[in-house]
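> Structure: coords_28.cif, mmCIF, C-alpha atoms.
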```cif
data_model
#
loop_
_atom_site.label_atom_id
_atom_site.label_comp_id
_atom_site.auth_asym_id
_atom_site.auth_seq_id
_atom_site.Cartn_x
_atom_site.Cartn_y
_atom_site.Cartn_z
CA MET A 1 172.38 78.94 97.87
CA LYS A 2 169.99 78.96 94.94
CA LEU A 3 166.93 76.68 94.96
CA MET A 4 163.96 76.37 92.61
CA PHE A 5 160.50 75.32 93.82
CA ALA A 6 157.66 73.78 91.79
CA SER A 7 154.36 72.58 93.18
CA ASP A 8 151.21 70.96 91.94
CA ILE A 9 152.42 69.80 88.53
CA HIS A 10 149.45 67.41 88.35
CA GLY A 11 150.79 65.52 85.33
CA SER A 12 151.05 68.51 82.97
CA LEU A 13 153.75 67.86 80.37
CA PRO A 14 153.98 71.47 79.07
CA ALA A 15 154.32 72.80 82.64
CA THR A 16 156.99 70.20 83.42
CA GLU A 17 158.95 71.04 80.29
CA ARG A 18 158.81 74.76 81.12
CA VAL A 19 159.89 74.15 84.74
CA LEU A 20 162.81 71.98 83.67
CA SER A 21 163.93 74.51 81.07
CA LEU A 22 163.85 77.29 83.67
CA PHE A 23 165.61 75.05 86.21
CA THR A 24 168.44 74.37 83.75
CA GLN A 25 168.78 78.09 82.99
CA SER A 26 168.53 79.20 86.63
CA GLY A 27 171.74 77.74 88.01
CA ALA A 28 169.81 76.43 91.01
CA GLN A 29 171.47 73.55 92.86
CA TRP A 30 168.20 71.75 93.59
CA LEU A 31 164.68 71.55 92.21
CA ILE A 32 162.29 71.16 95.12
CA ILE A 33 158.93 69.64 94.20
CA LEU A 34 156.20 70.21 96.77
CA GLY A 35 153.91 67.34 95.84
CA ASP A 36 151.04 66.47 93.51
CA VAL A 37 153.44 65.43 90.77
CA LEU A 38 151.63 63.06 88.39
CA ASN A 39 147.94 62.78 89.30
CA HIS A 40 145.44 65.56 88.57
CA GLY A 41 143.28 64.73 91.61
CA PRO A 42 139.52 64.26 91.78
CA ARG A 43 138.73 67.95 92.44
CA ASN A 44 140.77 69.35 89.54
CA ALA A 45 140.07 69.39 85.83
CA LEU A 46 142.70 67.72 83.67
CA PRO A 47 145.56 70.18 83.22
CA ASP A 48 146.82 71.20 79.80
CA GLY A 49 148.90 68.40 78.26
CA TYR A 50 148.05 65.78 80.89
CA ALA A 51 150.65 63.03 80.36
CA PRO A 52 151.80 61.57 83.70
CA ALA A 53 154.10 58.89 82.26
CA GLN A 54 155.90 61.46 80.11
CA VAL A 55 156.13 63.87 83.05
CA ALA A 56 157.80 61.10 85.08
CA GLU A 57 160.23 60.45 82.24
CA LYS A 58 161.19 64.14 81.99
CA LEU A 59 161.62 64.53 85.76
CA ASN A 60 163.61 61.29 86.02
CA ALA A 61 166.29 62.79 83.78
CA HIS A 62 166.92 65.26 86.66
CA ALA A 63 166.34 62.83 89.55
CA SER A 64 169.73 63.39 91.19
CA ARG A 65 168.92 67.11 91.63
CA ILE A 66 165.32 66.79 92.89
CA ILE A 67 164.10 66.94 96.49
CA ALA A 68 160.38 66.12 96.77
CA VAL A 69 157.59 65.63 99.27
CA ARG A 70 154.32 63.75 98.92
CA GLY A 71 151.16 65.62 98.05
CA ASN A 72 147.61 64.52 98.74
CA CYS A 73 147.28 63.31 95.12
CA ASP A 74 150.55 61.31 95.12
CA SER A 75 150.55 57.55 95.69
CA GLU A 76 152.81 54.53 95.86
CA VAL A 77 151.87 53.78 92.24
CA ASP A 78 153.22 57.21 91.26
CA GLN A 79 156.45 56.42 93.12
CA MET A 80 156.89 53.35 90.92
CA LEU A 81 157.32 55.67 87.89
CA LEU A 82 159.69 58.13 89.54
CA HIS A 83 163.42 57.67 90.19
CA PHE A 84 163.48 60.08 93.15
CA PRO A 85 161.59 59.66 96.44
CA ILE A 86 158.20 61.37 96.75
CA THR A 87 156.65 59.58 99.72
CA ALA A 88 158.04 61.68 102.59
CA PRO A 89 155.34 63.93 104.07
CA TRP A 90 157.99 66.58 104.78
CA GLN A 91 161.68 67.35 104.32
CA GLN A 92 164.02 70.02 105.65
CA VAL A 93 166.73 72.07 104.00
CA LEU A 94 169.17 73.69 106.42
CA LEU A 95 170.35 77.18 105.59
CA GLU A 96 173.09 79.05 107.40
CA ASP A 97 170.77 80.81 109.88
CA SER A 98 167.44 79.00 109.46
CA ARG A 99 165.71 76.06 107.85
CA LEU A 100 163.16 75.47 105.15
CA PHE A 101 160.41 73.09 106.28
CA LEU A 102 159.14 71.55 103.03
CA THR A 103 155.66 70.06 102.92
CA HIS A 104 152.76 69.83 100.50
CA GLY A 105 150.34 71.75 102.69
CA HIS A 106 147.60 69.22 103.37
CA LEU A 107 149.18 67.95 106.62
CA PHE A 108 151.22 70.94 107.78
CA SER A 109 150.10 74.41 106.71
CA PRO A 110 149.79 77.98 107.99
CA ASP A 111 146.75 76.72 109.95
CA ASN A 112 148.61 73.66 111.30
CA LEU A 113 152.23 74.68 111.78
CA PRO A 114 155.00 72.23 112.63
CA ALA A 115 157.43 73.20 115.40
CA LEU A 116 159.42 76.02 113.82
CA ALA A 117 162.04 78.34 115.28
CA ALA A 118 162.21 82.09 114.70
CA GLY A 119 163.46 82.74 111.16
CA ASP A 120 162.38 79.36 109.77
CA VAL A 121 160.35 79.10 106.58
CA LEU A 122 157.24 76.99 106.02
CA VAL A 123 157.43 76.05 102.33
CA TYR A 124 154.22 74.48 101.04
CA GLY A 125 151.97 74.07 98.01
CA HIS A 126 148.47 72.52 97.88
CA THR A 127 146.44 75.75 97.70
CA HIS A 128 147.76 76.71 94.22
CA ILE A 129 147.95 80.31 95.52
CA PRO A 130 151.29 82.15 95.74
CA VAL A 131 152.49 83.43 99.13
CA ALA A 132 155.75 85.07 100.26
CA GLU A 133 155.20 86.68 103.65
CA LYS A 134 156.51 86.96 107.18
CA HIS A 135 154.05 85.98 109.93
CA GLY A 136 155.38 86.76 113.37
CA ASP A 137 158.82 85.15 113.63
CA ILE A 138 158.43 82.72 110.70
CA TYR A 139 158.01 82.98 106.96
CA HIS A 140 155.33 81.42 104.76
CA PHE A 141 156.23 80.58 101.18
CA ASN A 142 154.00 78.95 98.56
CA PRO A 143 155.19 79.03 94.93
CA GLY A 144 151.64 78.54 93.61
CA SER A 145 150.93 75.91 90.95
CA VAL A 146 152.79 75.41 87.69
CA SER A 147 149.76 73.76 86.04
CA ILE A 148 146.44 74.65 87.67
CA PRO A 149 146.76 78.13 89.21
CA LYS A 150 143.91 79.42 91.37
CA GLY A 151 142.78 82.74 92.80
CA GLY A 152 143.26 84.60 89.51
CA TYR A 153 147.05 84.12 89.63
CA PRO A 154 149.12 82.89 86.69
CA ALA A 155 150.96 79.56 86.77
CA SER A 156 154.03 80.14 88.93
CA TYR A 157 157.13 78.68 90.57
CA GLY A 158 159.49 79.80 93.31
CA MET A 159 163.15 80.69 93.72
CA LEU A 160 165.41 81.13 96.71
CA ASP A 161 168.38 83.24 95.65
CA GLY A 162 170.59 84.24 98.57
CA ASN A 163 168.14 85.36 101.24
CA THR A 164 165.28 86.29 98.87
CA LEU A 165 162.29 84.04 98.25
CA SER A 166 160.37 84.95 95.08
CA VAL A 167 157.25 83.63 93.41
CA ILE A 168 157.64 84.07 89.65
CA ALA A 169 155.10 83.75 86.83
CA LEU A 170 155.93 80.67 84.77
CA ASN A 171 155.40 82.27 81.37
CA ASP A 172 156.47 85.92 81.57
CA GLN A 173 158.90 85.73 84.52
CA GLN A 174 157.20 88.57 86.41
CA VAL A 175 157.69 88.53 90.19
CA ILE A 176 154.32 87.91 91.86
CA ALA A 177 155.43 87.95 95.50
CA GLN A 178 158.75 88.28 97.28
CA VAL A 179 160.17 88.29 100.82
CA ALA A 180 163.70 88.56 102.21
CA ILE A 181 164.40 86.02 104.94
CA ASN A 182 166.66 86.90 107.86
CA PRO A 183 167.95 90.09 106.23
#
```
Give the structure from the file, written as structure tokens.

Amino acid sequence: MKLMFASDIHGSLPATERVLSLFTQSGAQWLIILGDVLNHGPRNALPDGYAPAQVAEKLNAHASRIIAVRGNCDSEVDQMLLHFPITAPWQQVLLEDSRLFLTHGHLFSPDNLPALAAGDVLVYGHTHIPVAEKHGDIYHFNPGSVSIPKGGYPASYGMLDGNTLSVIALNDQQVIAQVAINP
């Protein structure tokens, strides 16, 4: 299975266009959006090319291939613009030997784990900082932010290709972090 992950778009049209271009090229079956889709949030500066209505329009063209969860900056008003559901606080994707627990990161996080089995993956955003690591029996994966990166990292997204989770720089495609799950 091949999946692409994007988090913390925050209404950036250039970031959305880049993500969708990479998604189309990637051959991934699904684009998983980990929240904070349209709104920039009160603690963030406006991202480059802030255009929430246009971001919604671009994403809606791919609605049938998007799985999303609600971020702390997402609202029911945002849902009115989007043709795919964004109000679930978490989702799950079942893999052959494990599951991906998808969440934004403000409710469930490495500091507040949901009930996970050995080999499961906590997939989250919110911090805007890339992570691809094994902690005990579970994996932590954060693709970073496509629009407002933090911690000195570049804008980034994630890929699951086979059993490898990778965080990849949005602009130059360099791998920032990587972990093999259930090798």
> Restricting the calculation to only C-alpha atoms: of A:Ala45, A:Val167, A:Ala180, A:Ala61, which residue gets closest to A:Pro130?
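Distance minimum relative to A:Pro130 lands on A:Val167.
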> Quick one: of A:Pro14, A:Pro47, A:Pro110, A:Gly125, who's nearest to A:Asn142, counting all atoms listed in the file?
A:Gly125
> Closest to A:Pro85 among A:Ala132, A:Ile9, A:Leu34, A:Leu116, using only C-alpha atoms?
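Checking each of A:Ala132, A:Ile9, A:Leu34, A:Leu116 against A:Pro85, counting only C-alpha atoms, the winner is A:Leu34.
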> Enter the distance from atom CA of A:His104 to atom CA of A:Ala28, in Å, rounded to one decimal.
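Computed distance, atom CA of A:His104 to atom CA of A:Ala28, equals 20.6 Å.
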> If you apply the PyMOL selection byres ((chain A and resi 6) around 6) to this file, what residues do you get, as a VMD selection string?
chain A and resid 5 7 33 157
> Tell me which of A:Ser21, A:Asn112, A:Thr87, A:Ser98 sits closest to A:Leu170, counting all atoms listed in the file.
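Selected residue with least distance to A:Leu170: A:Ser21.
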> For A:Asp36, which of A:Val69, A:Met159, A:Ala118, A:Leu13 is the closest residue, counting all atoms listed in the file?
A:Val69
> For atom CA of A:Ile168 and atom CA of A:Ser75, determine how far apart the two atoms are, in Å to one decimal place.
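Result for atom CA of A:Ile168 versus atom CA of A:Ser75: 28.1 Å, one decimal.
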> Nearest to A:Gln91: which of A:Ala68, A:Leu107, A:Pro52, A:Ile138 is it, counting only C-alpha atoms?
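For A:Gln91, the nearest of the candidates is A:Ala68.
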> Record the distance separating atom CA of A:Ser147 and atom CA of A:Ala53, expressed in Å with one decimal.
15.9 Å
> In file coordinates, which residues lie within 7 Å of (163.6, 86.1, 106.3) using all atoms listed in the file, given as a ChimeraX atom specification?
/A:119,139,163,179-183
> So what does the PyMOL selection byres ((chain A and resi 155) around 8) actually pick up in this one, as a list in words?
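What the PyMOL selection byres ((chain A and resi 155) around 8) grabs from the file is Gly144, Ser145, Val146, Ser147, Ile148, Pro149, Tyr153, Pro154, Ser156, Tyr157, Ala169, Leu170 and Asn171 of chain A.
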> With C-alpha atoms retained, export the selected residues as an mmCIF file, keeping the file's coordinate frame.

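Output below, filename out21.cif:
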```cif
data_model
loop_
_atom_site.group_PDB
_atom_site.id
_atom_site.type_symbol
_atom_site.label_atom_id
_atom_site.label_comp_id
_atom_site.auth_asym_id
_atom_site.auth_seq_id
_atom_site.Cartn_x
_atom_site.Cartn_y
_atom_site.Cartn_z
ATOM 1 C CA GLY A 144 151.640 78.540 93.610
ATOM 2 C CA SER A 145 150.930 75.910 90.950
ATOM 3 C CA VAL A 146 152.790 75.410 87.690
ATOM 4 C CA SER A 147 149.760 73.760 86.040
ATOM 5 C CA ILE A 148 146.440 74.650 87.670
ATOM 6 C CA PRO A 149 146.760 78.130 89.210
ATOM 7 C CA TYR A 153 147.050 84.120 89.630
ATOM 8 C CA PRO A 154 149.120 82.890 86.690
ATOM 9 C CA SER A 156 154.030 80.140 88.930
ATOM 10 C CA TYR A 157 157.130 78.680 90.570
ATOM 11 C CA ALA A 169 155.100 83.750 86.830
ATOM 12 C CA LEU A 170 155.930 80.670 84.770
ATOM 13 C CA ASN A 171 155.400 82.270 81.370
#
```
> I want to know what sits within 9 Å of A:Asn60, based on only C-alpha atoms, with residues of the same chain fewer than 6 positions away left out; could you give that as a list in words?
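Within the cut-off, the hits are Ile66, Leu81, Leu82, His83 and Phe84 of chain A.
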> Only C-alpha atoms, please: the residues just picked out, written as a PDB file, in the coordinates of the input.

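Contents of part-v2.pdb, as written:
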```
ATOM      1  CA  ILE A  66     165.320  66.790  92.890  1.00  0.00           C
ATOM      2  CA  LEU A  81     157.320  55.670  87.890  1.00  0.00           C
ATOM      3  CA  LEU A  82     159.690  58.130  89.540  1.00  0.00           C
ATOM      4  CA  HIS A  83     163.420  57.670  90.190  1.00  0.00           C
ATOM      5  CA  PHE A  84     163.480  60.080  93.150  1.00  0.00           C
TER       6      PHE A  84
END
```
> Pick out the residues sitting within 8 Å of A:His106, and hand them over as a PyMOL selection string; count all atoms listed in the file, and ignore anything fewer than 6 positions along from it in its own chain.
chain A and resi 71-72+126
> Where does the PyMOL selection byres ((chain A and resi 95) around 12) land in this file, that is, which residues does it pick, as a PyMOL selection string?
chain A and resi 1-3+92-94+96-101+119-121+160-163+181-182
> N, CA, C and O atoms are what I want for stretch 42-62 of chain A; can you complete it accordingly and write them as an mmCIF file, keeping the file's coordinate frame?

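result14.cif, written as the output of this step:
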```
data_model
loop_
_atom_site.group_PDB
_atom_site.id
_atom_site.type_symbol
_atom_site.label_atom_id
_atom_site.label_comp_id
_atom_site.auth_asym_id
_atom_site.auth_seq_id
_atom_site.Cartn_x
_atom_site.Cartn_y
_atom_site.Cartn_z
ATOM 1 N N PRO A 42 140.942 64.325 92.093
ATOM 2 C CA PRO A 42 139.520 64.260 91.780
ATOM 3 C C PRO A 42 138.801 65.618 91.763
ATOM 4 O O PRO A 42 137.741 65.748 91.164
ATOM 5 N N ARG A 43 139.389 66.640 92.388
ATOM 6 C CA ARG A 43 138.730 67.950 92.440
ATOM 7 C C ARG A 43 139.197 68.896 91.342
ATOM 8 O O ARG A 43 138.668 69.989 91.196
ATOM 9 N N ASN A 44 140.214 68.485 90.579
ATOM 10 C CA ASN A 44 140.770 69.350 89.540
ATOM 11 C C ASN A 44 140.391 68.853 88.150
ATOM 12 O O ASN A 44 140.305 67.649 87.929
ATOM 13 N N ALA A 45 140.229 69.769 87.238
ATOM 14 C CA ALA A 45 140.070 69.390 85.830
ATOM 15 C C ALA A 45 141.431 68.904 85.335
ATOM 16 O O ALA A 45 142.469 69.193 85.930
ATOM 17 N N LEU A 46 141.428 68.157 84.248
ATOM 18 C CA LEU A 46 142.700 67.720 83.670
ATOM 19 C C LEU A 46 143.495 68.952 83.241
ATOM 20 O O LEU A 46 142.968 69.817 82.549
ATOM 21 N N PRO A 47 144.759 69.026 83.646
ATOM 22 C CA PRO A 47 145.560 70.180 83.220
ATOM 23 C C PRO A 47 145.938 70.050 81.749
ATOM 24 O O PRO A 47 145.878 68.970 81.158
ATOM 25 N N ASP A 48 146.354 71.157 81.176
ATOM 26 C CA ASP A 48 146.820 71.200 79.800
ATOM 27 C C ASP A 48 147.947 70.175 79.613
ATOM 28 O O ASP A 48 148.883 70.127 80.405
ATOM 29 N N GLY A 49 147.845 69.355 78.575
ATOM 30 C CA GLY A 49 148.900 68.400 78.260
ATOM 31 C C GLY A 49 149.085 67.304 79.290
ATOM 32 O O GLY A 49 150.206 66.888 79.560
ATOM 33 N N TYR A 50 147.985 66.814 79.852
ATOM 34 C CA TYR A 50 148.050 65.780 80.890
ATOM 35 C C TYR A 50 148.706 64.518 80.332
ATOM 36 O O TYR A 50 148.172 63.883 79.423
ATOM 37 N N ALA A 51 149.878 64.184 80.838
ATOM 38 C CA ALA A 51 150.650 63.030 80.360
ATOM 39 C C ALA A 51 151.570 62.548 81.482
ATOM 40 O O ALA A 51 152.782 62.754 81.432
ATOM 41 N N PRO A 52 151.002 61.927 82.520
ATOM 42 C CA PRO A 52 151.800 61.570 83.700
ATOM 43 C C PRO A 52 153.036 60.719 83.417
ATOM 44 O O PRO A 52 154.097 60.975 84.000
ATOM 45 N N ALA A 53 152.942 59.743 82.539
ATOM 46 C CA ALA A 53 154.100 58.890 82.260
ATOM 47 C C ALA A 53 155.227 59.699 81.628
ATOM 48 O O ALA A 53 156.409 59.517 81.960
ATOM 49 N N GLN A 54 154.883 60.620 80.739
ATOM 50 C CA GLN A 54 155.900 61.460 80.110
ATOM 51 C C GLN A 54 156.481 62.474 81.091
ATOM 52 O O GLN A 54 157.672 62.785 81.045
ATOM 53 N N VAL A 55 155.641 62.969 82.001
ATOM 54 C CA VAL A 55 156.130 63.870 83.050
ATOM 55 C C VAL A 55 157.166 63.137 83.900
ATOM 56 O O VAL A 55 158.237 63.674 84.193
ATOM 57 N N ALA A 56 156.856 61.899 84.279
ATOM 58 C CA ALA A 56 157.800 61.100 85.080
ATOM 59 C C ALA A 56 159.117 60.929 84.329
ATOM 60 O O ALA A 56 160.196 61.093 84.917
ATOM 61 N N GLU A 57 159.033 60.634 83.066
ATOM 62 C CA GLU A 57 160.230 60.450 82.240
ATOM 63 C C GLU A 57 161.099 61.724 82.221
ATOM 64 O O GLU A 57 162.317 61.663 82.385
ATOM 65 N N LYS A 58 160.458 62.860 82.026
ATOM 66 C CA LYS A 58 161.190 64.140 81.990
ATOM 67 C C LYS A 58 161.839 64.439 83.336
ATOM 68 O O LYS A 58 163.003 64.854 83.402
ATOM 69 N N LEU A 59 161.075 64.255 84.422
ATOM 70 C CA LEU A 59 161.620 64.530 85.760
ATOM 71 C C LEU A 59 162.737 63.552 86.112
ATOM 72 O O LEU A 59 163.724 63.941 86.746
ATOM 73 N N ASN A 60 162.597 62.295 85.706
ATOM 74 C CA ASN A 60 163.610 61.290 86.020
ATOM 75 C C ASN A 60 164.975 61.637 85.453
ATOM 76 O O ASN A 60 166.005 61.261 86.010
ATOM 77 N N ALA A 61 165.008 62.371 84.367
ATOM 78 C CA ALA A 61 166.290 62.790 83.780
ATOM 79 C C ALA A 61 167.033 63.751 84.713
ATOM 80 O O ALA A 61 168.232 63.961 84.564
ATOM 81 N N HIS A 62 166.330 64.326 85.701
ATOM 82 C CA HIS A 62 166.920 65.260 86.660
ATOM 83 C C HIS A 62 166.857 64.718 88.091
ATOM 84 O O HIS A 62 167.033 65.480 89.052
#
```
